[in-house]
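coords-v8.cif follows; it contains mmCIF, C-alpha atoms.
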data_input
#
loop_
_atom_site.label_atom_id
_atom_site.label_comp_id
_atom_site.auth_asym_id
_atom_site.auth_seq_id
_atom_site.Cartn_x
_atom_site.Cartn_y
_atom_site.Cartn_z
CA MET A 1037 83.02 126.79 107.66
CA THR A 1038 85.28 124.56 105.61
CA GLN A 1039 84.07 121.20 104.43
CA PRO A 1040 85.66 118.15 105.99
CA ASP A 1041 88.13 116.62 103.60
CA CYS A 1042 90.67 113.87 103.76
CA THR A 1043 92.93 112.10 101.34
CA HIS A 1044 95.02 109.16 102.45
CA ASN A 1045 97.60 106.73 101.33
CA LYS A 1046 99.08 108.84 98.58
CA LYS A 1047 101.94 106.44 98.03
CA ASN A 1048 99.45 103.86 96.80
CA ASN A 1049 98.52 104.58 93.21
CA ARG A 1050 94.96 103.49 93.93
CA MET A 1051 94.40 105.58 97.04
CA PHE A 1052 91.22 106.13 99.00
CA ASP A 1053 89.50 109.48 99.11
CA ILE A 1054 86.34 110.66 100.86
CA GLN A 1055 84.76 114.08 100.35
CA LEU A 1056 81.55 115.99 100.77
CA SER A 1057 80.18 117.24 97.44
CA PRO A 1058 78.67 120.74 97.16
CA SER A 1059 75.22 119.11 96.97
CA GLY A 1060 75.80 117.37 100.30
CA GLU A 1061 76.52 113.85 99.11
CA VAL A 1062 79.48 111.94 100.47
CA VAL A 1063 81.70 110.71 97.62
CA MET A 1064 84.10 107.81 98.11
CA THR A 1065 86.83 107.08 95.58
CA GLY A 1066 89.38 104.27 95.27
CA ARG A 1067 90.07 101.53 97.77
CA LEU A 1068 88.35 101.35 101.15
CA ASP A 1069 90.55 98.72 102.81
CA ALA A 1070 91.25 97.96 106.47
CA THR A 1071 93.87 100.72 106.70
CA GLN A 1072 91.37 103.42 105.60
CA CYS A 1073 88.32 102.49 107.66
CA GLU A 1074 89.02 104.55 110.76
CA ALA A 1075 89.56 107.68 108.66
CA ALA A 1076 86.34 106.99 106.73
CA LEU A 1077 84.38 106.48 109.96
CA GLN A 1078 85.79 109.66 111.46
CA PHE A 1079 84.89 111.60 108.34
CA LEU A 1080 81.34 110.25 108.33
CA GLY A 1081 81.09 111.00 112.06
CA ARG A 1082 81.78 114.67 111.34
CA VAL A 1083 79.05 114.87 108.69
CA ASP A 1084 75.79 115.63 110.42
CA ARG A 1085 73.55 113.40 108.30
CA PRO A 1086 75.51 111.47 105.65
CA ARG A 1087 72.30 110.33 103.96
CA VAL A 1088 73.60 109.67 100.44
CA ILE A 1089 76.99 108.12 99.68
CA ASP A 1090 78.03 108.03 96.02
CA LEU A 1091 80.10 104.88 95.43
CA GLY A 1092 80.44 105.31 91.66
CA ARG A 1093 84.22 105.51 91.98
CA LEU A 1094 84.69 103.04 94.82
CA GLU A 1095 86.87 100.24 93.41
CA TYR A 1096 87.33 98.00 96.41
CA VAL A 1097 85.70 97.10 99.70
CA ALA A 1098 86.10 94.12 102.09
CA SER A 1099 84.46 93.21 105.41
CA SER A 1100 86.45 95.97 107.16
CA GLY A 1101 84.83 98.53 104.83
CA LEU A 1102 81.36 97.06 105.25
CA ARG A 1103 81.71 97.79 108.98
CA VAL A 1104 81.96 101.52 108.10
CA PHE A 1105 78.57 101.38 106.35
CA LEU A 1106 77.02 99.21 109.06
CA LEU A 1107 78.05 101.52 111.92
CA THR A 1108 76.94 104.59 109.96
CA GLN A 1109 73.58 103.01 109.19
CA LYS A 1110 73.10 102.14 112.88
CA ARG A 1111 73.89 105.72 113.88
CA LEU A 1112 71.49 107.19 111.29
CA LYS A 1113 68.66 104.79 112.18
CA GLY A 1114 69.11 105.86 115.78
CA ALA A 1115 68.52 109.44 114.59
CA GLY A 1116 65.43 108.39 112.61
CA THR A 1117 66.94 108.51 109.14
CA ALA A 1118 68.75 106.09 106.84
CA LEU A 1119 71.64 105.68 104.46
CA ARG A 1120 71.40 105.43 100.69
CA LEU A 1121 74.32 104.11 98.60
CA ILE A 1122 74.16 105.18 94.96
CA ASN A 1123 75.95 104.41 91.67
CA VAL A 1124 77.36 101.19 93.12
CA ARG A 1125 79.51 99.22 90.64
CA PRO A 1126 78.49 95.61 89.87
CA GLN A 1127 81.38 93.86 91.69
CA ILE A 1128 81.03 96.11 94.74
CA HIS A 1129 77.26 95.56 94.68
CA ASP A 1130 77.89 91.79 94.73
CA ILE A 1131 80.00 92.13 97.88
CA PHE A 1132 77.20 94.02 99.66
CA ARG A 1133 74.75 91.37 98.45
CA TYR A 1134 76.90 88.41 99.55
CA ALA A 1135 76.91 89.93 103.04
CA GLY A 1136 73.13 90.38 102.98
CA PHE A 1137 73.62 94.14 103.33
CA ASP A 1138 71.06 94.79 100.58
CA GLN A 1139 68.47 93.90 103.25
CA ILE A 1140 69.61 96.52 105.74
CA ILE A 1141 70.85 99.37 103.51
CA GLU A 1142 69.21 100.91 100.43
CA ILE A 1143 71.66 100.29 97.57
CA SER A 1144 71.25 101.34 93.96
CA ALA A 1145 73.42 100.31 91.04
CA ALA A 1146 75.28 102.53 88.63
CA PRO A 1147 72.97 103.31 85.67
CA GLY A 1148 73.55 101.24 82.52
CA MET B 739 104.12 76.92 86.36
CA ASN B 740 105.16 80.14 88.02
CA ALA B 741 105.59 80.69 91.80
CA HIS B 742 106.11 83.96 93.64
CA ARG B 743 106.46 84.62 97.33
CA THR B 744 107.02 87.45 99.79
CA VAL B 745 107.24 87.77 103.57
CA VAL B 746 105.94 90.62 105.77
CA PRO B 747 105.38 91.19 109.50
CA GLY B 748 101.75 90.65 110.55
CA ASP B 749 100.87 94.26 111.28
CA ALA B 750 98.17 96.28 109.51
CA ALA B 751 100.65 98.67 107.91
CA HIS B 752 101.88 95.82 105.72
CA LEU B 753 98.51 95.17 104.07
CA ASP B 754 99.49 97.67 101.37
CA VAL B 755 102.75 95.83 100.71
CA LEU B 756 100.98 92.50 100.22
CA THR B 757 98.25 94.04 98.06
CA ARG B 758 100.82 95.71 95.82
CA PHE B 759 102.74 92.43 95.52
CA LEU B 760 99.54 90.72 94.35
CA GLN B 761 98.69 93.57 91.95
CA GLU B 762 102.16 93.56 90.42
CA PHE B 763 102.03 89.78 89.99
CA TRP B 764 98.60 90.23 88.38
CA SER B 765 99.80 92.76 85.79
CA ALA B 766 103.06 90.94 85.06
CA ALA B 767 101.18 87.68 84.40
CA GLN B 768 98.45 89.57 82.47
CA LEU B 769 95.69 87.88 84.44
CA PRO B 770 92.03 88.80 83.80
CA SER B 771 91.17 91.94 85.78
CA ALA B 772 87.64 90.70 86.56
CA HIS B 773 89.08 88.21 89.07
CA ALA B 774 91.56 90.55 90.77
CA LEU B 775 89.10 91.97 93.31
CA TYR B 776 88.26 88.52 94.71
CA PHE B 777 91.90 87.66 95.37
CA GLU B 778 92.66 91.11 96.83
CA LEU B 779 89.65 90.78 99.11
CA ALA B 780 90.55 87.23 100.23
CA LEU B 781 94.12 88.38 100.92
CA GLU B 782 92.93 91.29 103.07
CA GLU B 783 90.51 89.13 105.05
CA VAL B 784 93.08 86.43 105.77
CA PHE B 785 95.90 88.88 106.53
CA MET B 786 93.78 91.08 108.83
CA ASN B 787 92.63 87.98 110.72
CA ILE B 788 96.29 87.21 111.42
CA VAL B 789 96.96 90.86 112.38
CA MET B 790 94.09 90.86 114.85
CA HIS B 791 94.20 87.33 116.24
CA GLY B 792 97.31 85.61 115.01
CA SER B 793 100.18 86.75 117.20
CA TYR B 794 101.66 85.51 120.45
CA PRO B 795 101.77 88.26 123.12
CA ASP B 796 104.49 90.83 122.32
CA LEU B 797 105.47 88.96 119.17
CA ILE B 798 104.29 89.97 115.72
CA ALA B 799 103.67 87.04 113.42
CA ARG B 800 105.71 86.44 110.27
CA VAL B 801 103.37 86.15 107.29
CA GLU B 802 104.34 84.56 104.00
CA LEU B 803 102.28 84.93 100.83
CA SER B 804 102.80 82.55 97.90
CA LEU B 805 101.16 82.74 94.51
CA LEU B 806 101.17 79.81 92.12
CA LEU B 807 99.64 79.78 88.66
CA ALA B 808 98.70 76.31 87.44
CA ASP B 809 96.01 74.63 85.36
CA GLY B 810 94.24 77.88 84.46
CA GLY B 811 93.84 78.92 88.08
CA LEU B 812 95.66 80.77 90.82
CA THR B 813 96.52 79.25 94.18
CA MET B 814 97.21 81.76 96.95
CA THR B 815 98.80 80.41 100.13
CA VAL B 816 99.13 82.44 103.33
CA GLU B 817 101.29 81.02 106.13
CA ASP B 818 101.94 82.49 109.56
CA ASP B 819 103.85 81.40 112.64
CA GLY B 820 101.18 82.51 115.14
CA PRO B 821 99.26 80.28 117.55
CA PRO B 822 97.27 77.44 115.94
CA PHE B 823 94.10 78.90 114.47
CA ASN B 824 91.81 77.47 111.84
CA PRO B 825 89.68 80.33 110.46
CA LEU B 826 87.51 77.80 108.64
CA SER B 827 86.24 76.65 112.05
CA LEU B 828 84.44 80.00 112.52
CA PRO B 829 80.65 79.78 112.27
CA THR B 830 78.91 81.34 109.27
CA PRO B 831 77.58 84.78 110.21
CA ASP B 832 73.83 85.38 110.23
CA LEU B 833 73.34 87.07 106.85
CA ASP B 834 69.63 87.67 107.51
CA ALA B 835 69.97 89.37 110.89
CA GLY B 836 68.25 92.73 111.31
CA LEU B 837 70.30 95.91 111.49
CA ALA B 838 70.57 95.98 115.28
CA GLU B 839 71.88 92.40 115.46
CA ARG B 840 74.33 92.70 112.57
CA ARG B 841 77.98 91.94 113.29
CA ILE B 842 81.03 92.00 111.01
CA GLY B 843 82.77 89.11 112.81
CA GLY B 844 83.00 86.00 110.66
CA LEU B 845 82.06 87.86 107.49
CA GLY B 846 85.64 87.94 106.18
CA VAL B 847 86.07 84.18 106.27
CA TYR B 848 82.61 83.77 104.75
CA PHE B 849 83.72 86.01 101.85
CA VAL B 850 86.86 83.94 101.32
CA ARG B 851 84.84 80.71 101.14
CA ARG B 852 82.28 82.32 98.86
CA MET B 853 84.77 83.84 96.41
CA MET B 854 87.32 81.03 96.13
CA ASP B 855 86.70 77.64 94.49
CA ALA B 856 88.57 75.80 97.24
CA VAL B 857 89.93 76.77 100.67
CA SER B 858 91.81 74.52 103.06
CA TYR B 859 93.63 74.89 106.37
CA ASP B 860 96.62 72.90 107.64
CA ARG B 861 98.80 73.25 110.71
CA VAL B 862 102.28 72.47 109.46
CA GLY B 863 104.89 72.37 112.22
CA ALA B 864 104.66 75.79 113.90
CA GLN B 865 102.81 77.34 110.93
CA ASN B 866 99.20 77.95 110.05
CA ARG B 867 98.72 77.45 106.32
CA LEU B 868 95.62 78.63 104.47
CA THR B 869 95.45 77.60 100.82
CA MET B 870 92.94 79.27 98.49
CA SER B 871 92.45 78.58 94.81
CA LYS B 872 90.18 79.78 92.07
CA SER B 873 89.90 79.24 88.35
CA LEU B 874 90.67 82.31 86.24
CA ALA B 875 88.52 81.13 83.34
CA GLY B 876 85.37 82.99 82.28
#
Since I need it in another form, could you write the structure as C-alpha coordinates?
Amino acid sequence: MTQPDCTHNKKNNRMFDIQLSPSGEVVMTGRLDATQCEAALQFLGRVDRPRVIDLGRLEYVASSGLRVFLLTQKRLKGAGTALRLINVRPQIHDIFRYAGFDQIIEISAAPG
Amino acid sequence: MNAHRTVVPGDAAHLDVLTRFLQEFWSAAQLPSAHALYFELALEEVFMNIVMHGSYPDLIARVELSLLLADGGLTMTVEDDGPPFNPLSLPTPDLDAGLAERRIGGLGVYFVRRMMDAVSYDRVGAQNRLTMSKSLAG
(Lines of atoms letter the chains of each structure in order from A and count residues from 1; the text may use other names and numbers.)
(Lines give C-alpha, C1' and ligand atoms only; values in the text may rest on other atoms or scores of the structure.)
Protein backbone atom coordinates (compact mmCIF):
# COMPACT_ATOMS: atom_id res chain seq x y z
CA MET A 1 0.00 0.00 0.00
CA THR A 2 1.33 3.43 -0.86
CA GLN A 3 1.33 6.17 1.71
CA PRO A 4 -1.04 9.05 1.16
CA ASP A 5 0.84 12.05 -0.09
CA CYS A 6 -0.08 15.45 -1.39
CA THR A 7 1.76 18.58 -2.36
CA HIS A 8 -0.13 21.70 -3.33
CA ASN A 9 0.26 25.19 -4.57
CA LYS A 10 3.61 24.71 -6.25
CA LYS A 11 3.49 28.12 -7.84
CA ASN A 12 3.73 29.67 -4.39
CA ASN A 13 7.32 29.64 -3.20
CA ARG A 14 6.13 28.91 0.32
CA MET A 15 3.83 26.02 -0.49
CA PHE A 16 2.00 23.70 1.86
CA ASP A 17 2.89 20.04 2.13
CA ILE A 18 1.46 17.23 4.26
CA GLN A 19 2.97 13.75 4.48
CA LEU A 20 3.04 10.65 6.61
CA SER A 21 6.52 9.90 7.94
CA PRO A 22 7.84 6.31 8.03
CA SER A 23 7.35 6.35 11.81
CA GLY A 24 3.66 7.19 11.39
CA GLU A 25 3.71 10.87 12.28
CA VAL A 26 1.94 13.39 10.08
CA VAL A 27 4.35 16.15 9.01
CA MET A 28 3.06 19.53 7.85
CA THR A 29 5.35 21.98 6.07
CA GLY A 30 4.86 25.56 4.88
CA ARG A 31 1.65 27.55 4.86
CA LEU A 32 -1.68 26.08 5.92
CA ASP A 33 -3.99 28.82 4.64
CA ALA A 34 -7.67 28.77 3.67
CA THR A 35 -6.89 27.39 0.20
CA GLN A 36 -5.10 24.32 1.64
CA CYS A 37 -7.48 23.30 4.41
CA GLU A 38 -9.74 20.95 2.47
CA ALA A 39 -6.73 19.03 1.15
CA ALA A 40 -5.26 18.82 4.66
CA LEU A 41 -8.57 17.58 6.09
CA GLN A 42 -8.92 14.99 3.34
CA PHE A 43 -5.38 13.78 3.95
CA LEU A 44 -5.96 13.49 7.70
CA GLY A 45 -9.26 11.72 7.01
CA ARG A 46 -7.39 9.01 5.10
CA VAL A 47 -4.94 8.43 7.96
CA ASP A 48 -6.47 5.94 10.35
CA ARG A 49 -5.27 7.53 13.59
CA PRO A 50 -3.28 10.75 12.98
CA ARG A 51 -2.19 10.87 16.62
CA VAL A 52 0.99 12.93 16.29
CA ILE A 53 1.37 15.89 13.93
CA ASP A 54 4.85 17.39 13.63
CA LEU A 55 4.50 21.15 13.05
CA GLY A 56 8.22 21.95 13.22
CA ARG A 57 8.15 23.24 9.65
CA LEU A 58 4.70 24.82 9.68
CA GLU A 59 5.24 28.53 9.01
CA TYR A 60 1.71 29.86 8.93
CA VAL A 61 -1.77 29.07 10.19
CA ALA A 62 -4.96 31.17 10.55
CA SER A 63 -8.46 30.38 11.83
CA SER A 64 -9.16 28.32 8.68
CA GLY A 65 -6.21 26.06 9.57
CA LEU A 66 -7.23 25.79 13.22
CA ARG A 67 -10.51 24.29 11.98
CA VAL A 68 -8.49 21.39 10.49
CA PHE A 69 -7.03 20.58 13.92
CA LEU A 70 -10.35 21.09 15.70
CA LEU A 71 -12.27 18.73 13.40
CA THR A 72 -9.49 16.14 13.57
CA GLN A 73 -9.41 16.33 17.36
CA LYS A 74 -13.20 15.88 17.51
CA ARG A 75 -12.98 12.83 15.26
CA LEU A 76 -10.17 11.27 17.31
CA LYS A 77 -11.89 11.94 20.64
CA GLY A 78 -14.95 10.21 19.22
CA ALA A 79 -12.70 7.18 18.60
CA GLY A 80 -11.29 7.35 22.15
CA THR A 81 -7.91 8.82 21.32
CA ALA A 82 -6.42 12.30 20.98
CA LEU A 83 -4.17 14.50 18.91
CA ARG A 84 -0.69 15.65 19.86
CA LEU A 85 1.00 18.56 18.07
CA ILE A 86 4.78 18.56 18.42
CA ASN A 87 7.73 20.86 17.64
CA VAL A 88 5.40 23.85 17.34
CA ARG A 89 7.21 27.12 16.55
CA PRO A 90 6.76 30.05 18.98
CA GLN A 91 4.59 32.27 16.71
CA ILE A 92 2.41 29.34 15.66
CA HIS A 93 2.13 28.27 19.31
CA ASP A 94 0.91 31.80 20.16
CA ILE A 95 -1.87 31.52 17.57
CA PHE A 96 -3.08 28.23 19.10
CA ARG A 97 -2.89 29.85 22.54
CA TYR A 98 -4.77 33.01 21.52
CA ALA A 99 -7.60 30.74 20.35
CA GLY A 100 -7.56 28.80 23.62
CA PHE A 101 -6.68 25.65 21.69
CA ASP A 102 -3.98 24.77 24.23
CA GLN A 103 -6.90 23.75 26.48
CA ILE A 104 -8.37 21.26 24.02
CA ILE A 105 -5.31 19.90 22.18
CA GLU A 106 -1.97 18.74 23.61
CA ILE A 107 0.64 21.06 22.11
CA SER A 108 4.38 20.96 22.69
CA ALA A 109 6.91 23.55 21.60
CA ALA A 110 9.99 23.05 19.48
CA PRO A 111 12.93 22.22 21.78
CA GLY A 112 15.29 25.11 22.58
CA MET B 1 5.27 57.85 3.37
CA ASN B 2 4.76 55.04 0.93
CA ALA B 3 1.37 53.71 -0.31
CA HIS B 4 0.69 50.58 -2.34
CA ARG B 5 -2.58 49.14 -3.53
CA THR B 6 -3.99 46.25 -5.54
CA VAL B 7 -7.46 45.03 -6.50
CA VAL B 8 -8.69 41.42 -6.77
CA PRO B 9 -12.07 39.68 -7.11
CA GLY B 10 -13.39 38.36 -3.79
CA ASP B 11 -12.98 34.66 -4.48
CA ALA B 12 -10.78 32.27 -2.49
CA ALA B 13 -8.39 31.65 -5.39
CA HIS B 14 -7.17 35.24 -5.05
CA LEU B 15 -5.97 34.86 -1.46
CA ASP B 16 -2.57 33.82 -2.85
CA VAL B 17 -2.39 36.95 -4.99
CA LEU B 18 -3.06 39.25 -2.03
CA THR B 19 -0.64 37.37 0.23
CA ARG B 20 2.12 37.59 -2.37
CA PHE B 21 1.46 41.32 -2.82
CA LEU B 22 1.87 41.79 0.94
CA GLN B 23 5.02 39.61 1.04
CA GLU B 24 6.61 41.48 -1.86
CA PHE B 25 5.82 44.82 -0.22
CA TRP B 26 7.33 43.45 2.99
CA SER B 27 10.64 42.45 1.38
CA ALA B 28 10.90 45.58 -0.77
CA ALA B 29 10.40 47.82 2.29
CA GLN B 30 12.72 45.58 4.38
CA LEU B 31 10.19 45.36 7.20
CA PRO B 32 10.93 43.22 10.29
CA SER B 33 10.02 39.60 9.55
CA ALA B 34 8.73 39.00 13.09
CA HIS B 35 5.62 41.08 12.31
CA ALA B 36 4.87 39.61 8.87
CA LEU B 37 2.81 36.67 10.14
CA TYR B 38 0.35 38.93 11.98
CA PHE B 39 -0.40 41.01 8.88
CA GLU B 40 -0.65 37.93 6.64
CA LEU B 41 -3.04 36.35 9.10
CA ALA B 42 -5.19 39.50 9.44
CA LEU B 43 -5.33 39.79 5.65
CA GLU B 44 -6.49 36.18 5.26
CA GLU B 45 -9.15 36.52 7.95
CA VAL B 46 -10.58 39.74 6.51
CA PHE B 47 -10.41 38.57 2.89
CA MET B 48 -11.97 35.16 3.59
CA ASN B 49 -14.80 36.86 5.50
CA ILE B 50 -15.55 38.85 2.34
CA VAL B 51 -15.27 35.70 0.18
CA MET B 52 -17.74 33.84 2.38
CA HIS B 53 -20.17 36.57 3.38
CA GLY B 54 -19.41 39.68 1.41
CA SER B 55 -21.00 39.29 -2.00
CA TYR B 56 -24.41 40.09 -3.42
CA PRO B 57 -26.06 37.02 -5.02
CA ASP B 58 -24.37 36.13 -8.35
CA LEU B 59 -21.93 39.03 -7.98
CA ILE B 60 -18.40 38.59 -6.71
CA ALA B 61 -17.17 41.51 -4.64
CA ARG B 62 -14.29 43.73 -5.74
CA VAL B 63 -11.66 43.83 -3.00
CA GLU B 64 -9.01 46.50 -2.72
CA LEU B 65 -5.97 46.19 -0.45
CA SER B 66 -3.94 49.27 0.48
CA LEU B 67 -0.74 49.35 2.48
CA LEU B 68 0.60 52.55 3.98
CA LEU B 69 3.80 52.89 5.97
CA ALA B 70 3.81 55.84 8.35
CA ASP B 71 5.13 56.75 11.80
CA GLY B 72 6.94 53.44 12.32
CA GLY B 73 3.81 51.39 11.67
CA LEU B 74 1.90 49.79 8.85
CA THR B 75 -1.74 50.55 8.08
CA MET B 76 -3.53 47.90 6.03
CA THR B 77 -6.90 48.87 4.56
CA VAL B 78 -9.28 46.37 2.95
CA GLU B 79 -12.28 47.74 1.04
CA ASP B 80 -15.04 45.79 -0.69
CA ASP B 81 -18.22 46.69 -2.53
CA GLY B 82 -20.35 43.95 -0.95
CA PRO B 83 -23.43 44.43 1.24
CA PRO B 84 -22.89 46.52 4.40
CA PHE B 85 -21.17 44.33 6.97
CA ASN B 86 -19.23 45.34 10.05
CA PRO B 87 -17.11 42.35 11.13
CA LEU B 88 -16.29 44.15 14.37
CA SER B 89 -19.93 43.69 15.39
CA LEU B 90 -19.40 39.91 15.67
CA PRO B 91 -19.39 38.60 19.24
CA THR B 92 -16.13 37.34 20.73
CA PRO B 93 -15.99 33.54 20.48
CA ASP B 94 -15.98 31.47 23.66
CA LEU B 95 -12.27 30.71 24.04
CA ASP B 96 -12.86 28.48 27.06
CA ALA B 97 -15.51 26.22 25.54
CA GLY B 98 -14.92 22.48 25.75
CA LEU B 99 -13.99 20.51 22.65
CA ALA B 100 -17.55 19.53 21.74
CA GLU B 101 -18.80 23.14 21.88
CA ARG B 102 -15.86 24.68 20.02
CA ARG B 103 -16.62 26.66 16.87
CA ILE B 104 -14.31 28.49 14.47
CA GLY B 105 -16.85 31.22 13.68
CA GLY B 106 -15.79 34.61 15.01
CA LEU B 107 -12.24 33.47 15.70
CA GLY B 108 -10.82 35.23 12.63
CA VAL B 109 -12.08 38.66 13.66
CA TYR B 110 -10.93 38.00 17.21
CA PHE B 111 -7.41 37.29 15.85
CA VAL B 112 -7.44 40.54 13.87
CA ARG B 113 -8.37 42.56 16.97
CA ARG B 114 -5.82 40.72 19.07
CA MET B 115 -2.91 41.10 16.64
CA MET B 116 -3.41 44.67 15.44
CA ASP B 117 -2.97 47.80 17.57
CA ALA B 118 -6.08 49.42 16.10
CA VAL B 119 -8.96 48.21 13.92
CA SER B 120 -11.85 50.30 12.65
CA TYR B 121 -14.79 49.83 10.30
CA ASP B 122 -16.50 52.45 8.12
CA ARG B 123 -19.19 52.21 5.49
CA VAL B 124 -18.11 54.67 2.83
CA GLY B 125 -20.64 55.08 0.03
CA ALA B 126 -21.16 51.56 -1.35
CA GLN B 127 -17.93 50.26 0.25
CA ASN B 128 -17.06 48.47 3.45
CA ARG B 129 -13.72 49.72 4.71
CA LEU B 130 -11.72 47.92 7.39
CA THR B 131 -8.59 49.73 8.55
CA MET B 132 -5.97 47.88 10.60
CA SER B 133 -2.73 49.28 11.93
CA LYS B 134 0.15 48.04 14.00
CA SER B 135 3.49 49.41 15.09
CA LEU B 136 6.50 47.63 13.58
CA ALA B 137 8.78 48.56 16.48
CA GLY B 138 10.24 45.93 18.82
Return as a ChimeraX atom specification the set of residues that the PyMOL selection byres ((chain A) within 9 of (chain B)) yields on the displayed structure.
/A:1048,1069-1071,1095-1100,1102-1103,1106,1109-1110,1127,1131,1134-1137,1139-1141
Do you have the CA of Arg800 (chain B)-CA of Val862 (chain B) distance handy?
14.4 Å
Using the chain letters and numbers from the file, give me the residues hit by the PyMOL selection byres ((chain B and resi 792) around 9), as an MDAnalysis selection string.
chainID B and resid 748 786:791 793:794 798:799 818:823
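Relative to CA of Arg743 (chain B), CA of Leu807 (chain B) is found at 12.0 Å.
Closest approach to Arg1120 (chain A) among A:Val1104, A:Val1088, A:Ile1054, A:Ala1146 is made by A:Val1088 (distances from all atoms listed in the file).
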Select, from B:Leu868, B:Leu874, B:Leu760, B:Ala808, the residue with the minimum atom-to-atom distance to Asn824 (chain B), counting only C-alpha atoms.
B:Leu868
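In this structure, CA of Ser873 (chain B) sits 7.1 Å away from CA of Asp855 (chain B).
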Starting from the incomplete input, reconstruct N, CA and C atoms of region 857-871 of chain B and write that as an mmCIF file, in the coordinates of the input.
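See rebuild.cif below for the written result:
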data_model
loop_
_atom_site.group_PDB
_atom_site.id
_atom_site.type_symbol
_atom_site.label_atom_id
_atom_site.label_comp_id
_atom_site.auth_asym_id
_atom_site.auth_seq_id
_atom_site.Cartn_x
_atom_site.Cartn_y
_atom_site.Cartn_z
ATOM 1 N N VAL B 857 89.166 76.189 99.556
ATOM 2 C CA VAL B 857 89.930 76.770 100.670
ATOM 3 C C VAL B 857 90.246 75.645 101.645
ATOM 4 N N SER B 858 91.503 75.552 102.072
ATOM 5 C CA SER B 858 91.810 74.520 103.060
ATOM 6 C C SER B 858 92.810 75.058 104.089
ATOM 7 N N TYR B 859 92.736 74.498 105.275
ATOM 8 C CA TYR B 859 93.630 74.890 106.370
ATOM 9 C C TYR B 859 94.459 73.687 106.805
ATOM 10 N N ASP B 860 95.756 73.924 107.052
ATOM 11 C CA ASP B 860 96.620 72.900 107.640
ATOM 12 C C ASP B 860 97.492 73.558 108.702
ATOM 13 N N ARG B 861 97.761 72.840 109.766
ATOM 14 C CA ARG B 861 98.800 73.250 110.710
ATOM 15 C C ARG B 861 100.032 72.438 110.358
ATOM 16 N N VAL B 862 101.075 73.147 109.920
ATOM 17 C CA VAL B 862 102.280 72.470 109.460
ATOM 18 C C VAL B 862 103.430 72.895 110.361
ATOM 19 N N GLY B 863 103.857 72.010 111.246
ATOM 20 C CA GLY B 863 104.890 72.370 112.220
ATOM 21 C C GLY B 863 104.361 73.515 113.076
ATOM 22 N N ALA B 864 105.085 74.638 113.106
ATOM 23 C CA ALA B 864 104.660 75.790 113.900
ATOM 24 C C ALA B 864 103.904 76.815 113.056
ATOM 25 N N GLN B 865 103.450 76.402 111.866
ATOM 26 C CA GLN B 865 102.810 77.340 110.930
ATOM 27 C C GLN B 865 101.330 77.017 110.719
ATOM 28 N N ASN B 866 100.547 78.083 110.609
ATOM 29 C CA ASN B 866 99.200 77.950 110.050
ATOM 30 C C ASN B 866 99.320 78.144 108.550
ATOM 31 N N ARG B 867 98.685 77.288 107.778
ATOM 32 C CA ARG B 867 98.720 77.450 106.320
ATOM 33 C C ARG B 867 97.295 77.431 105.780
ATOM 34 N N LEU B 868 96.927 78.550 105.117
ATOM 35 C CA LEU B 868 95.620 78.630 104.470
ATOM 36 C C LEU B 868 95.843 78.665 102.967
ATOM 37 N N THR B 869 95.256 77.720 102.261
ATOM 38 C CA THR B 869 95.450 77.600 100.820
ATOM 39 C C THR B 869 94.121 77.895 100.121
ATOM 40 N N MET B 870 94.162 78.857 99.194
ATOM 41 C CA MET B 870 92.940 79.270 98.490
ATOM 42 C C MET B 870 93.183 79.181 96.996
ATOM 43 N N SER B 871 92.252 78.595 96.253
ATOM 44 C CA SER B 871 92.450 78.580 94.810
ATOM 45 C C SER B 871 91.151 78.866 94.080
#
